[in-house]
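Peer 1: Just run.csv, nothing more (CSV, C-alpha atoms and all ligand atoms):
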```csv
chain,number,residue,atom,x,y,z
A,12,MET,CA,94.6,8.0,246.0
A,13,LYS,CA,96.1,5.3,243.8
A,14,PHE,CA,95.5,4.6,240.2
A,15,SER,CA,96.7,1.7,238.1
A,16,ALA,CA,99.7,2.7,235.9
A,17,SER,CA,97.7,1.8,232.8
A,18,THR,CA,94.8,4.0,233.8
A,19,LEU,CA,97.1,6.9,234.3
A,20,LEU,CA,98.8,6.3,231.0
A,21,ALA,CA,95.4,6.1,229.3
A,22,ILE,CA,94.5,9.5,230.8
A,23,LEU,CA,97.8,10.9,229.7
A,24,ALA,CA,97.2,9.6,226.2
A,25,ALA,CA,93.6,11.0,226.1
A,26,PHE,CA,94.8,14.4,227.2
A,27,SER,CA,97.7,14.5,224.8
A,28,GLN,CA,95.3,13.8,221.9
A,29,ALA,CA,92.9,16.3,223.2
A,30,GLU,CA,95.7,18.9,223.2
A,31,ALA,CA,96.7,17.9,219.7
A,32,PHE,CA,93.2,18.3,218.5
A,33,THR,CA,92.6,21.6,220.3
A,34,THR,CA,93.2,23.7,217.2
A,35,PRO,CA,95.3,26.7,217.7
A,36,ARG,CA,92.4,28.9,217.0
A,37,ALA,CA,93.0,31.2,214.1
A,38,THR,CA,90.5,33.7,215.5
A,39,VAL,CA,92.4,34.6,218.7
A,40,GLN,CA,91.7,38.3,217.9
A,41,ARG,CA,87.9,37.7,218.0
A,42,ILE,CA,87.4,38.3,221.7
A,43,SER,CA,83.9,39.5,221.6
A,44,THR,CA,82.8,35.8,222.0
A,45,THR,CA,80.0,35.2,224.5
A,46,SER,CA,80.8,33.3,227.6
A,47,LEU,CA,78.6,30.4,226.4
A,48,ASP,CA,81.1,29.0,223.9
A,49,ILE,CA,84.2,29.7,226.0
A,50,THR,CA,85.4,27.3,228.7
A,51,THR,CA,85.4,28.8,232.1
A,52,LEU,CA,88.0,27.9,234.7
A,53,ASP,CA,86.9,28.2,238.3
A,54,GLU,CA,89.0,27.6,241.4
A,55,TRP,CA,91.9,28.6,239.2
A,56,GLN,CA,95.4,29.4,240.1
A,57,LEU,CA,98.3,30.8,238.0
A,58,LEU,CA,101.4,28.6,238.2
A,59,ASP,CA,105.0,29.7,238.0
A,60,ASN,CA,105.3,28.6,234.4
A,61,GLY,CA,102.5,30.8,233.3
A,62,SER,CA,99.9,28.0,233.0
A,63,VAL,CA,96.6,28.0,234.8
A,64,VAL,CA,95.2,25.1,236.7
A,65,GLY,CA,91.5,25.1,237.4
A,66,SER,CA,88.2,23.3,237.2
A,67,VAL,CA,86.4,23.5,233.9
A,68,ARG,CA,82.9,24.6,232.9
A,69,ASN,CA,81.5,24.4,229.4
A,70,HIS,CA,84.4,22.5,228.0
A,71,PRO,CA,83.7,20.9,224.6
A,72,THR,CA,84.9,17.4,225.7
A,73,LEU,CA,85.4,17.4,229.5
A,74,ALA,CA,82.8,17.2,232.2
A,75,ASP,CA,82.1,20.3,234.4
A,76,GLY,CA,84.3,20.1,237.4
A,77,ASP,CA,87.2,18.3,235.7
A,78,ILE,CA,90.5,19.9,236.6
A,79,ILE,CA,93.0,20.8,233.9
A,80,THR,CA,96.3,22.6,233.5
A,81,THR,CA,96.4,24.9,230.5
A,82,SER,CA,99.4,25.5,228.3
A,83,PRO,CA,101.2,28.7,229.4
A,84,LEU,CA,99.3,31.9,228.8
A,85,SER,CA,100.6,34.3,226.2
A,86,ARG,CA,100.1,37.1,228.8
A,87,PRO,CA,100.2,35.7,232.3
A,88,ASP,CA,99.8,39.2,233.7
A,89,THR,CA,96.2,39.3,232.4
A,90,ALA,CA,95.2,36.4,234.6
A,91,ARG,CA,92.3,37.9,236.7
A,92,SER,CA,88.8,36.9,237.5
A,93,ASN,CA,86.3,37.7,234.6
A,94,ASN,CA,89.1,38.1,232.1
A,95,LEU,CA,89.4,36.2,228.9
A,96,VAL,CA,92.9,34.7,228.6
A,97,ALA,CA,94.7,33.0,225.7
A,98,THR,CA,97.4,30.4,225.8
A,99,LEU,CA,100.4,30.2,223.6
A,100,THR,CA,98.8,27.4,221.7
A,101,GLY,CA,95.8,29.6,220.9
A,102,SER,CA,93.2,28.3,223.3
A,103,GLN,CA,91.0,30.7,225.2
A,104,TYR,CA,89.5,30.5,228.6
A,105,LYS,CA,87.4,32.7,230.8
A,106,LEU,CA,88.7,32.9,234.4
A,107,GLY,CA,86.0,32.6,237.0
A,108,ARG,CA,86.3,32.2,240.7
A,109,PRO,CA,90.0,32.0,241.8
A,110,MET,CA,91.2,29.2,244.1
A,111,GLY,CA,90.4,29.6,247.8
A,112,VAL,CA,87.5,31.9,247.3
A,113,ALA,CA,84.3,30.1,248.1
A,114,GLY,CA,81.2,31.3,246.3
A,115,GLY,CA,83.0,34.4,245.1
A,116,ALA,CA,83.8,35.8,248.5
A,117,ALA,CA,85.3,34.7,251.7
A,118,PRO,CA,88.8,34.0,253.0
A,119,VAL,CA,91.7,32.7,251.0
A,120,GLU,CA,93.3,30.9,253.9
A,121,GLU,CA,91.3,28.0,255.3
A,122,PRO,CA,92.9,26.6,258.4
A,123,GLY,CA,92.8,22.9,258.7
A,124,PHE,CA,92.6,22.4,254.9
A,125,GLY,CA,95.6,20.0,255.0
A,126,ARG,CA,97.4,18.4,252.1
A,127,SER,CA,95.8,15.0,252.6
A,128,THR,CA,92.4,16.6,252.2
A,129,PHE,CA,93.7,18.3,249.1
A,130,VAL,CA,94.8,15.0,247.7
A,131,LYS,CA,91.4,13.4,248.2
A,132,THR,CA,89.6,16.2,246.4
A,133,VAL,CA,91.7,15.9,243.3
A,134,GLY,CA,90.1,14.0,240.4
A,135,THR,CA,92.0,11.7,238.1
A,136,THR,CA,91.6,14.2,235.3
A,137,SER,CA,93.8,16.7,237.2
A,138,LEU,CA,96.7,15.0,235.5
A,139,PHE,CA,98.7,16.5,232.7
A,140,ALA,CA,96.1,18.3,230.6
A,141,GLY,CA,99.0,20.6,229.6
A,142,GLY,CA,100.2,17.8,227.4
A,143,VAL,CA,103.1,15.5,228.1
A,144,ALA,CA,104.9,13.0,226.1
A,145,LEU,CA,103.5,9.6,225.4
A,146,GLY,CA,105.5,6.4,225.7
A,147,VAL,CA,106.5,7.3,229.2
A,148,GLU,CA,109.1,5.1,230.9
A,149,LEU,CA,108.0,4.0,234.3
A,150,GLY,CA,111.2,2.2,234.8
A,151,GLY,CA,112.5,4.1,237.8
A,152,ILE,CA,109.2,3.8,239.7
A,153,GLY,CA,108.2,0.5,238.2
A,154,LYS,CA,104.9,0.2,240.2
A,155,SER,CA,101.7,-1.1,238.9
A,156,GLU,CA,99.8,1.4,241.0
A,157,MET,CA,100.8,5.0,241.6
A,158,THR,CA,99.6,8.3,242.8
A,159,ILE,CA,99.2,11.4,240.6
A,160,PRO,CA,102.5,13.0,241.8
A,161,GLU,CA,104.3,9.6,241.2
A,162,ALA,CA,102.9,9.5,237.7
A,163,LYS,CA,104.1,13.0,237.0
A,164,ILE,CA,107.5,12.1,238.5
A,165,ALA,CA,107.8,9.1,236.1
A,166,VAL,CA,107.2,11.4,233.2
A,167,ALA,CA,109.2,14.5,234.2
A,168,PHE,CA,112.1,12.7,236.0
A,169,PRO,CA,112.3,9.2,234.5
A,170,GLY,CA,114.6,7.0,236.5
A,171,ALA,CA,113.8,8.6,239.9
A,172,LEU,CA,113.8,6.2,242.9
A,173,SER,CA,111.9,6.4,246.2
A,174,ASN,CA,114.2,7.2,249.1
A,175,THR,CA,113.9,3.6,250.3
A,176,GLU,CA,114.9,2.2,246.9
A,177,LEU,CA,117.7,4.7,246.7
A,178,MET,CA,119.1,3.6,250.1
A,179,LYS,CA,119.0,-0.1,249.0
A,180,ARG,CA,120.8,0.8,245.8
A,181,LEU,CA,123.5,2.7,247.7
A,182,GLU,CA,124.1,-0.2,250.0
A,183,GLU,CA,124.3,-2.6,247.1
A,184,ARG,CA,126.7,-0.4,245.2
A,185,LEU,CA,128.9,0.9,248.0
A,186,GLY,CA,129.0,-2.2,250.3
A,187,PRO,CA,131.6,-4.0,248.1
A,188,TYR,CA,133.9,-1.0,248.6
A,189,GLY,CA,133.7,-1.2,252.4
A,190,TYR,CA,131.1,1.4,253.0
A,191,GLY,CA,129.3,1.0,256.3
A,192,THR,CA,129.7,2.1,259.9
A,193,ASN,CA,133.1,3.7,259.2
A,194,SER,CA,131.8,5.9,256.4
A,195,LEU,CA,131.0,9.6,256.6
A,196,VAL,CA,128.2,11.1,254.5
A,197,ALA,CA,128.4,14.7,253.3
A,198,THR,CA,125.3,16.4,251.9
A,199,SER,CA,124.8,19.5,249.8
A,200,LEU,CA,121.0,19.9,249.7
A,201,CYS,CA,118.8,23.0,250.0
A,202,CYS,CA,118.0,24.5,253.5
A,203,ASP,CA,114.3,23.9,252.9
A,204,GLU,CA,112.9,21.5,255.6
A,205,VAL,CA,111.3,19.4,253.0
A,206,ASN,CA,114.8,18.1,252.1
A,207,ARG,CA,115.6,16.6,255.5
A,208,PRO,CA,113.9,13.2,255.0
A,209,LEU,CA,116.6,12.2,252.6
A,210,GLU,CA,119.3,13.2,255.1
A,211,LYS,CA,117.5,11.2,257.8
A,212,ALA,CA,117.5,8.2,255.6
A,213,LEU,CA,121.2,8.6,254.9
A,214,ALA,CA,121.8,9.1,258.7
A,215,LYS,CA,120.0,5.9,259.5
A,216,GLN,CA,122.2,4.0,257.0
A,217,TYR,CA,125.5,5.7,257.6
A,218,ASP,CA,125.2,8.1,260.6
A,219,GLU,CA,124.7,11.9,260.8
A,220,PRO,CA,125.8,13.8,257.7
A,221,PHE,CA,128.3,16.6,257.3
A,222,VAL,CA,126.4,19.5,255.7
A,223,MET,CA,128.1,21.4,252.9
A,224,GLY,CA,125.0,22.9,251.3
A,225,GLY,CA,122.9,26.0,251.3
A,226,LEU,CA,120.1,27.6,249.3
A,227,ALA,CA,119.0,25.6,246.2
A,228,GLY,CA,121.5,22.9,247.1
A,229,PHE,CA,124.7,24.8,246.1
A,230,PRO,CA,127.8,23.6,248.0
A,231,PHE,CA,128.4,26.9,249.7
A,232,GLY,CA,130.8,25.2,252.2
A,233,GLY,CA,133.2,24.9,249.3
A,234,VAL,CA,136.7,23.5,249.4
A,235,THR,CA,137.1,24.3,253.1
A,236,SER,CA,134.0,22.3,254.1
A,237,PHE,CA,135.2,19.3,252.0
A,238,GLY,CA,138.6,19.4,253.7
A,239,ALA,CA,137.0,19.6,257.1
A,240,MET,CA,134.7,16.7,256.3
A,241,ALA,CA,137.7,14.7,255.0
A,242,HIS,CA,139.4,15.1,258.3
A,243,HIS,CA,136.3,13.7,260.1
A,244,ILE,CA,136.2,10.4,258.2
A,245,PRO,CA,136.5,7.5,260.7
A,246,ASP,CA,139.9,5.7,260.5
A,247,GLY,CA,140.0,3.3,257.6
A,248,GLY,CA,136.7,4.6,256.2
A,249,SER,CA,135.4,6.4,253.1
A,250,CYS,CA,133.0,9.2,252.4
A,251,LEU,CA,129.9,9.6,250.3
A,252,VAL,CA,128.9,13.0,249.0
A,253,VAL,CA,125.2,13.4,248.1
A,254,TYR,CA,124.3,16.6,246.3
A,255,GLY,CA,121.8,18.3,244.1
A,256,PRO,CA,118.9,20.7,243.8
A,257,HIS,CA,115.3,19.8,244.7
A,258,VAL,CA,111.9,20.3,243.1
A,259,GLY,CA,108.4,19.8,244.5
A,260,VAL,CA,105.6,17.9,242.8
A,261,ASP,CA,102.3,18.7,244.4
A,262,SER,CA,99.1,16.5,244.7
A,263,MET,CA,97.8,17.8,241.4
A,264,GLY,CA,101.0,16.8,239.6
A,265,SER,CA,102.3,20.4,239.2
A,266,VAL,CA,106.1,20.6,239.1
A,267,GLY,CA,107.8,23.4,241.1
A,268,THR,CA,105.3,23.6,243.9
A,269,VAL,CA,104.7,21.5,247.0
A,270,ASN,CA,101.9,21.0,249.5
A,271,ARG,CA,103.3,22.2,252.9
A,272,ARG,CA,102.4,20.9,256.3
A,273,GLY,CA,99.5,22.9,257.8
A,274,ARG,CA,99.1,25.3,254.9
A,275,ALA,CA,96.2,25.5,252.6
A,276,LYS,CA,98.3,27.2,249.9
A,277,GLY,CA,101.3,25.4,248.6
A,278,GLY,CA,104.2,27.3,247.4
A,279,SER,CA,107.3,27.3,245.2
A,280,CYS,CA,109.7,24.5,245.7
A,281,CYS,CA,112.6,25.2,245.4
A,282,GLY,CA,111.7,28.8,246.4
A,283,SER,CA,115.3,30.0,246.0
A,284,ALA,CA,115.6,28.5,242.5
A,285,ALA,CA,112.1,29.8,241.6
A,286,ALA,CA,113.1,33.4,242.6
A,287,ALA,CA,116.3,33.1,240.5
A,288,LEU,CA,114.2,31.8,237.6
A,289,GLY,CA,111.7,34.7,238.1
A,290,LYS,CA,114.5,37.2,237.6
A,291,ILE,CA,115.7,35.5,234.5
A,292,ARG,CA,112.1,35.5,233.1
A,293,LYS,CA,111.7,39.2,233.8
A,294,GLY,CA,115.0,39.8,232.0
A,295,ALA,CA,116.4,41.4,235.2
A,296,MET,CA,120.1,42.1,235.2
A,297,VAL,CA,121.6,39.1,237.0
A,298,PRO,CA,125.4,39.1,237.5
A,299,LYS,CA,126.9,36.3,235.5
A,300,GLY,CA,128.8,33.9,237.7
A,301,ASP,CA,131.5,31.9,236.0
A,302,GLY,CA,132.2,29.8,239.1
A,303,SER,CA,135.2,31.9,240.1
A,304,ALA,CA,134.2,35.5,240.1
A,305,PRO,CA,132.3,36.4,243.3
A,306,PRO,CA,128.8,37.7,242.5
A,307,MET,CA,127.5,40.9,243.9
A,308,ILE,CA,127.6,40.3,247.6
A,309,ASP,CA,124.9,41.4,250.0
A,310,SER,CA,125.9,39.9,253.3
A,311,ILE,CA,122.4,39.5,254.5
A,312,ASP,CA,121.4,37.7,251.3
A,313,ALA,CA,124.7,36.3,250.0
A,314,GLN,CA,123.6,32.8,249.1
A,315,GLN,CA,120.6,34.0,247.0
A,316,ALA,CA,122.9,36.4,245.0
A,317,TYR,CA,125.2,33.5,244.4
A,318,VAL,CA,122.3,31.2,243.3
A,319,GLU,CA,121.2,33.9,240.8
A,320,ALA,CA,124.7,34.4,239.5
A,321,ASN,CA,125.2,30.7,239.0
A,322,LEU,CA,121.9,30.2,237.3
A,323,ALA,CA,122.4,33.1,234.9
A,324,PRO,CA,124.6,31.2,232.4
A,325,TYR,CA,121.6,28.8,231.9
A,326,ALA,CA,119.2,31.6,231.1
A,327,GLU,CA,118.8,30.8,227.4
A,328,ARG,CA,118.3,27.1,228.0
A,329,LEU,CA,115.7,27.8,230.7
A,330,LEU,CA,113.8,30.3,228.6
A,331,ALA,CA,113.7,27.9,225.6
A,332,ALA,CA,112.5,24.9,227.7
A,333,ASP,CA,109.0,23.5,227.1
A,334,ASP,CA,108.5,23.4,230.8
A,335,ARG,CA,110.9,25.7,232.7
A,336,ASN,CA,109.9,24.2,236.1
A,337,ILE,CA,111.1,20.8,234.9
A,338,GLU,CA,114.2,22.2,233.2
A,339,LEU,CA,115.2,24.3,236.3
A,340,PRO,CA,116.4,21.5,238.5
A,341,TYR,CA,118.3,19.9,235.6
A,342,ALA,CA,120.1,23.3,235.0
A,343,LEU,CA,120.8,23.7,238.7
A,344,TYR,CA,122.2,20.2,238.8
A,345,ASP,CA,124.6,21.0,235.9
A,346,ALA,CA,125.8,24.1,237.7
A,347,GLN,CA,126.3,22.2,241.0
A,348,LYS,CA,128.1,19.3,239.5
A,349,GLN,CA,130.6,21.7,238.0
A,350,MET,CA,131.2,23.2,241.4
A,351,MET,CA,131.4,19.9,243.2
A,352,ASP,CA,133.9,18.5,240.7
A,353,GLY,CA,136.1,21.6,241.3
A,354,ILE,CA,135.7,21.3,245.1
A,355,VAL,CA,136.8,17.7,245.1
A,356,ALA,CA,139.7,18.3,242.7
A,357,LYS,CA,141.0,20.9,245.1
A,358,GLY,CA,139.9,19.4,248.4
A,359,ALA,CA,140.9,15.7,247.9
A,360,SER,CA,144.4,16.4,249.2
A,361,ALA,CA,142.8,16.6,252.7
A,362,MET,CA,141.9,12.8,252.5
A,363,GLU,CA,144.2,11.1,255.1
A,364,GLY,CA,143.7,7.4,254.5
A,365,ASN,CA,143.2,5.2,251.5
A,366,GLY,CA,139.5,5.6,251.6
A,367,TYR,CA,137.2,6.3,248.6
A,368,ILE,CA,135.2,9.4,247.8
A,369,ALA,CA,131.8,8.4,246.3
A,370,MET,CA,129.9,11.2,244.7
A,371,LEU,CA,126.1,10.9,244.1
A,372,GLY,CA,124.6,13.8,242.3
A,373,GLY,CA,121.0,14.2,241.2
A,374,ILE,CA,117.6,15.8,241.7
A,375,GLN,CA,115.7,15.5,244.9
A,376,ILE,CA,111.9,15.4,244.4
A,377,ASN,CA,109.6,16.5,247.2
A,378,THR,CA,106.1,15.1,247.3
A,379,PRO,CA,102.9,15.5,249.3
A,380,ASP,CA,102.5,13.9,252.7
A,381,GLY,CA,101.9,10.2,252.6
A,382,ILE,CA,104.0,9.7,249.4
A,383,SER,CA,107.7,8.9,249.6
A,384,ASP,CA,110.1,11.6,248.3
A,385,TYR,CA,112.1,10.6,245.2
A,386,PHE,CA,115.7,11.1,244.0
A,387,LEU,CA,116.8,11.1,240.4
A,388,PRO,CA,120.5,10.0,240.3
A,389,LEU,CA,122.3,11.7,237.4
A,390,SER,CA,125.9,10.8,238.3
A,391,PHE,CA,127.4,8.3,240.8
A,392,ASP,CA,131.1,8.0,240.7
A,393,LEU,CA,133.6,6.2,242.9
A,394,ARG,CA,136.9,8.2,243.2
A,395,ASN,CA,140.1,7.4,244.9
A,396,ASN,CA,141.6,9.4,247.7
A,397,GLN,CA,143.1,11.8,245.1
A,398,GLY,CA,139.7,12.5,243.6
A,399,LYS,CA,140.3,10.6,240.4
A,400,ILE,CA,137.3,8.6,239.1
A,401,VAL,CA,137.9,4.8,239.6
A,402,LYS,CA,134.5,3.6,238.5
A,403,SER,CA,131.0,4.8,237.6
A,404,LEU,CA,128.5,3.2,240.0
A,405,LEU,CA,125.5,4.5,238.2
A,406,TRP,CA,123.0,1.8,237.1
A,407,ALA,CA,121.5,1.7,233.7
B,1,ZN,ZN,115.1,25.1,248.1
```
How does the structure come out when it is put into structure tokens?

Peer 2:
Amino acid sequence: MKFSASTLLAILAAFSQAEAFTTPRATVQRISTTSLDITTLDEWQLLDNGSVVGSVRNHPTLADGDIITTSPLSRPDTARSNNLVATLTGSQYKLGRPMGVAGGAAPVEEPGFGRSTFVKTVGTTSLFAGGVALGVELGGIGKSEMTIPEAKIAVAFPGALSNTELMKRLEERLGPYGYGTNSLVATSLCCDEVNRPLEKALAKQYDEPFVMGGLAGFPFGGVTSFGAMAHHIPDGGSCLVVYGPHVGVDSMGSVGTVNRRGRAKGGSCCGSAAAALGKIRKGAMVPKGDGSAPPMIDSIDAQQAYVEANLAPYAERLLAADDRNIELPYALYDAQKQMMDGIVAKGASAMEGNGYIAMLGGIQINTPDGISDYFLPLSFDLRNNQGKIVKSLLWA
């Protein structure tokens, strides 16, 4: 389903205004209200950020059946059918039938309810009722027509490029420095299978990648893996390191979830990062990693312990964010860039020839079937064989 960019922006504007005029109701305490003057949400689902997405009934301005995403609930733990819930901005909703329960009964899993079906059933109003900034830059995507996930990407991750556009940009920027068949690509991207299309695109352009990454995209291979990779660069060639966390944007434009092949229910994306954020939200004791001290090690779940320890220093920033699911990949990127810079500083001595080390860091964005994945470049440096930055290759 495609919409013109101007239509999507008009919808965005309408919703932002609606949100602005939705008075934070002063009478939140008055919960003896009858169901007649309260908007009901059916087919609802609680999102990781504490918001509820659902189809409205008795909304003062929207038609029944329109899909909205609320602001985060003040008490997400109270989200149950037949409960009244209040958002942090003071709006109240009654929760009706939860998502996946037809007519109030029946199974939650519906085999064959694939993601393309899902996309088709989503109306235009499913967009960002939660309120997003106006004046969105569409620069990175730059299309006159876009899908709901693409519109959300343009807002949440401005400057993101489709994988195809990214490959063109890499060729254009790296070609003048001799990158081509004698180059070796190293990746540090999360284990999740949704991240392989980017590696496939890189393999098509440069050959199979050396894999340094693990859960959430952290470069678990460390200095040793960088050194090994450096010894594998074809004679006279250079290497390109592509790294970063990933985040899903589903067919309804929700950030932090993704529609998965053959599954009616989506799920967290990145799951590892969401689990780490969940611990931070609950105020669980997370060992603080400073990049050098090894976190609590459980050998059958070592990487996750490491992800949590390395996200812990960003706890305050994440908890204060307007949308934690959007802030999460940005925080992960900062943690991973710091690690990558350290790895290259220490590992560059393994470079044998005079080749370059190009480093592309950013956020990988996973989308529903039928829509290209995107990548938001946040740094792109060309370094010499000692790891010193020669030039920034990042475009404006
Ligand atoms: Zn992941």

Peer 1: Which residues of chain A come within 7 Å of ligand ZN 1 (chain B), and for each one, what is the closest pair of atoms and their distance in Å to one decimal, counting all atoms listed in the file, sorted by chain and residue number, as JSON lines?

Peer 2:
```
{"residue": "A:Cys201", "atom": "CA", "partner": "B:ZN1", "partner_atom": "ZN", "distance": 4.7}
{"residue": "A:Cys202", "atom": "CA", "partner": "B:ZN1", "partner_atom": "ZN", "distance": 6.2}
{"residue": "A:Asp203", "atom": "CA", "partner": "B:ZN1", "partner_atom": "ZN", "distance": 5.0}
{"residue": "A:Leu226", "atom": "CA", "partner": "B:ZN1", "partner_atom": "ZN", "distance": 5.7}
{"residue": "A:Ala227", "atom": "CA", "partner": "B:ZN1", "partner_atom": "ZN", "distance": 4.4}
{"residue": "A:Gly228", "atom": "CA", "partner": "B:ZN1", "partner_atom": "ZN", "distance": 6.8}
{"residue": "A:His257", "atom": "CA", "partner": "B:ZN1", "partner_atom": "ZN", "distance": 6.3}
{"residue": "A:Cys280", "atom": "CA", "partner": "B:ZN1", "partner_atom": "ZN", "distance": 5.9}
{"residue": "A:Cys281", "atom": "CA", "partner": "B:ZN1", "partner_atom": "ZN", "distance": 3.7}
{"residue": "A:Gly282", "atom": "CA", "partner": "B:ZN1", "partner_atom": "ZN", "distance": 5.3}
{"residue": "A:Ser283", "atom": "CA", "partner": "B:ZN1", "partner_atom": "ZN", "distance": 5.3}
{"residue": "A:Ala284", "atom": "CA", "partner": "B:ZN1", "partner_atom": "ZN", "distance": 6.6}
```

Peer 1: Which of these, A:Val253, A:Ala326, A:Val64, A:Ala361, has the shortest distance to Ser236 in chain A once you count only C-alpha atoms?

Peer 2: A:Ala361

Peer 1: Just give me the residues with any atom within 10 Å of (128.3, 2.7, 241.9), file coordinates, counting only C-alpha atoms, written as a PyMOL selection string.

Peer 2: chain A and resi 180-188+369-371+390-393+402-406

Peer 1: Given the point (110.6, 8.6, 249.2) in the coordinates of this file, which residues lie within 12 Å, counting only C-alpha atoms, and how would they look as a VMD selection string?

Peer 2: chain A and resid 152 160 to 161 164 171 to 178 205 to 212 375 to 387

Peer 1: In Å to one decimal, how far is CA of Glu327 in chain A from CA of Asp345 in chain A?

Peer 2: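 Computing the Euclidean distance for CA of Asp345 in chain A and CA of Glu327 in chain A yields 14.2 Å.
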
Peer 1: When distances are computed from only C-alpha atoms, which of A:Ile308, A:Gly76, A:Val258, A:Gly61 shows the smallest separation from Arg292 in chain A?

Peer 2: A:Gly61

Peer 1: Determine, using all atoms listed in the file, which residues of range 253-319 of chain A have any atom at most 12 Å from an atom of range 79-82 of chain A, and tabulate each with its shortest atom pair and distance in Å to one decimal place, rows ordered by chain and then rising number, as a Markdown table.

Peer 2:
```
| residue | atom | partner | partner_atom | distance |
| --- | --- | --- | --- | --- |
| A:Met263 | CA | A:Thr80 | CA | 9.4 |
| A:Gly264 | CA | A:Thr80 | CA | 9.6 |
| A:Ser265 | CA | A:Thr80 | CA | 8.6 |
| A:Val266 | CA | A:Thr80 | CA | 11.5 |
```

Peer 1: When you count all atoms listed in the file, which of these residues is closest to Gly255 in chain A: A:Thr198, A:Ser62, A:Thr192, A:Gln103?

Peer 2: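 Looking only at the distances to Gly255 in chain A, the closest residue turns out to be A:Thr198.
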
Peer 1: Could you state the separation of CA of Tyr254 in chain A and CA of Val234 in chain A in Å, given to one decimal place?

Peer 2: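 Taking CA of Tyr254 in chain A and CA of Val234 in chain A, their separation equals 14.5 Å.
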
Peer 1: Kindly give the distance, in Å, that separates CA of Gly372 in chain A and CA of Gln347 in chain A, rounded to a single decimal.

Peer 2: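 These two atoms are separated by 8.7 Å.
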
Peer 1: Do a neighbour search on Leu99 in chain A at 9 Å with all atoms listed in the file, toss out local chain neighbours closer than 4 positions, and write the hits as a PyMOL selection string.

Peer 2: chain A and resi 35+82-86

Peer 1: With C-alpha atoms retained, could you export that selection as an mmCIF file, in the coordinates of the input?

Peer 2:
```
data_model
loop_
_atom_site.group_PDB
_atom_site.id
_atom_site.type_symbol
_atom_site.label_atom_id
_atom_site.label_comp_id
_atom_site.auth_asym_id
_atom_site.auth_seq_id
_atom_site.Cartn_x
_atom_site.Cartn_y
_atom_site.Cartn_z
ATOM 1 C CA PRO A 35 95.300 26.700 217.700
ATOM 2 C CA SER A 82 99.400 25.500 228.300
ATOM 3 C CA PRO A 83 101.200 28.700 229.400
ATOM 4 C CA LEU A 84 99.300 31.900 228.800
ATOM 5 C CA SER A 85 100.600 34.300 226.200
ATOM 6 C CA ARG A 86 100.100 37.100 228.800
#
```

Peer 1: Can you work out which one of A:Gly224, A:Ile244, A:Arg394, A:Gly267 has the shortest atom-to-atom distance to Val318 in chain A, counting all atoms listed in the file?

Peer 2: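 Of A:Gly224, A:Ile244, A:Arg394, A:Gly267, the one nearest Val318 in chain A, counting all atoms listed in the file, is A:Gly224.
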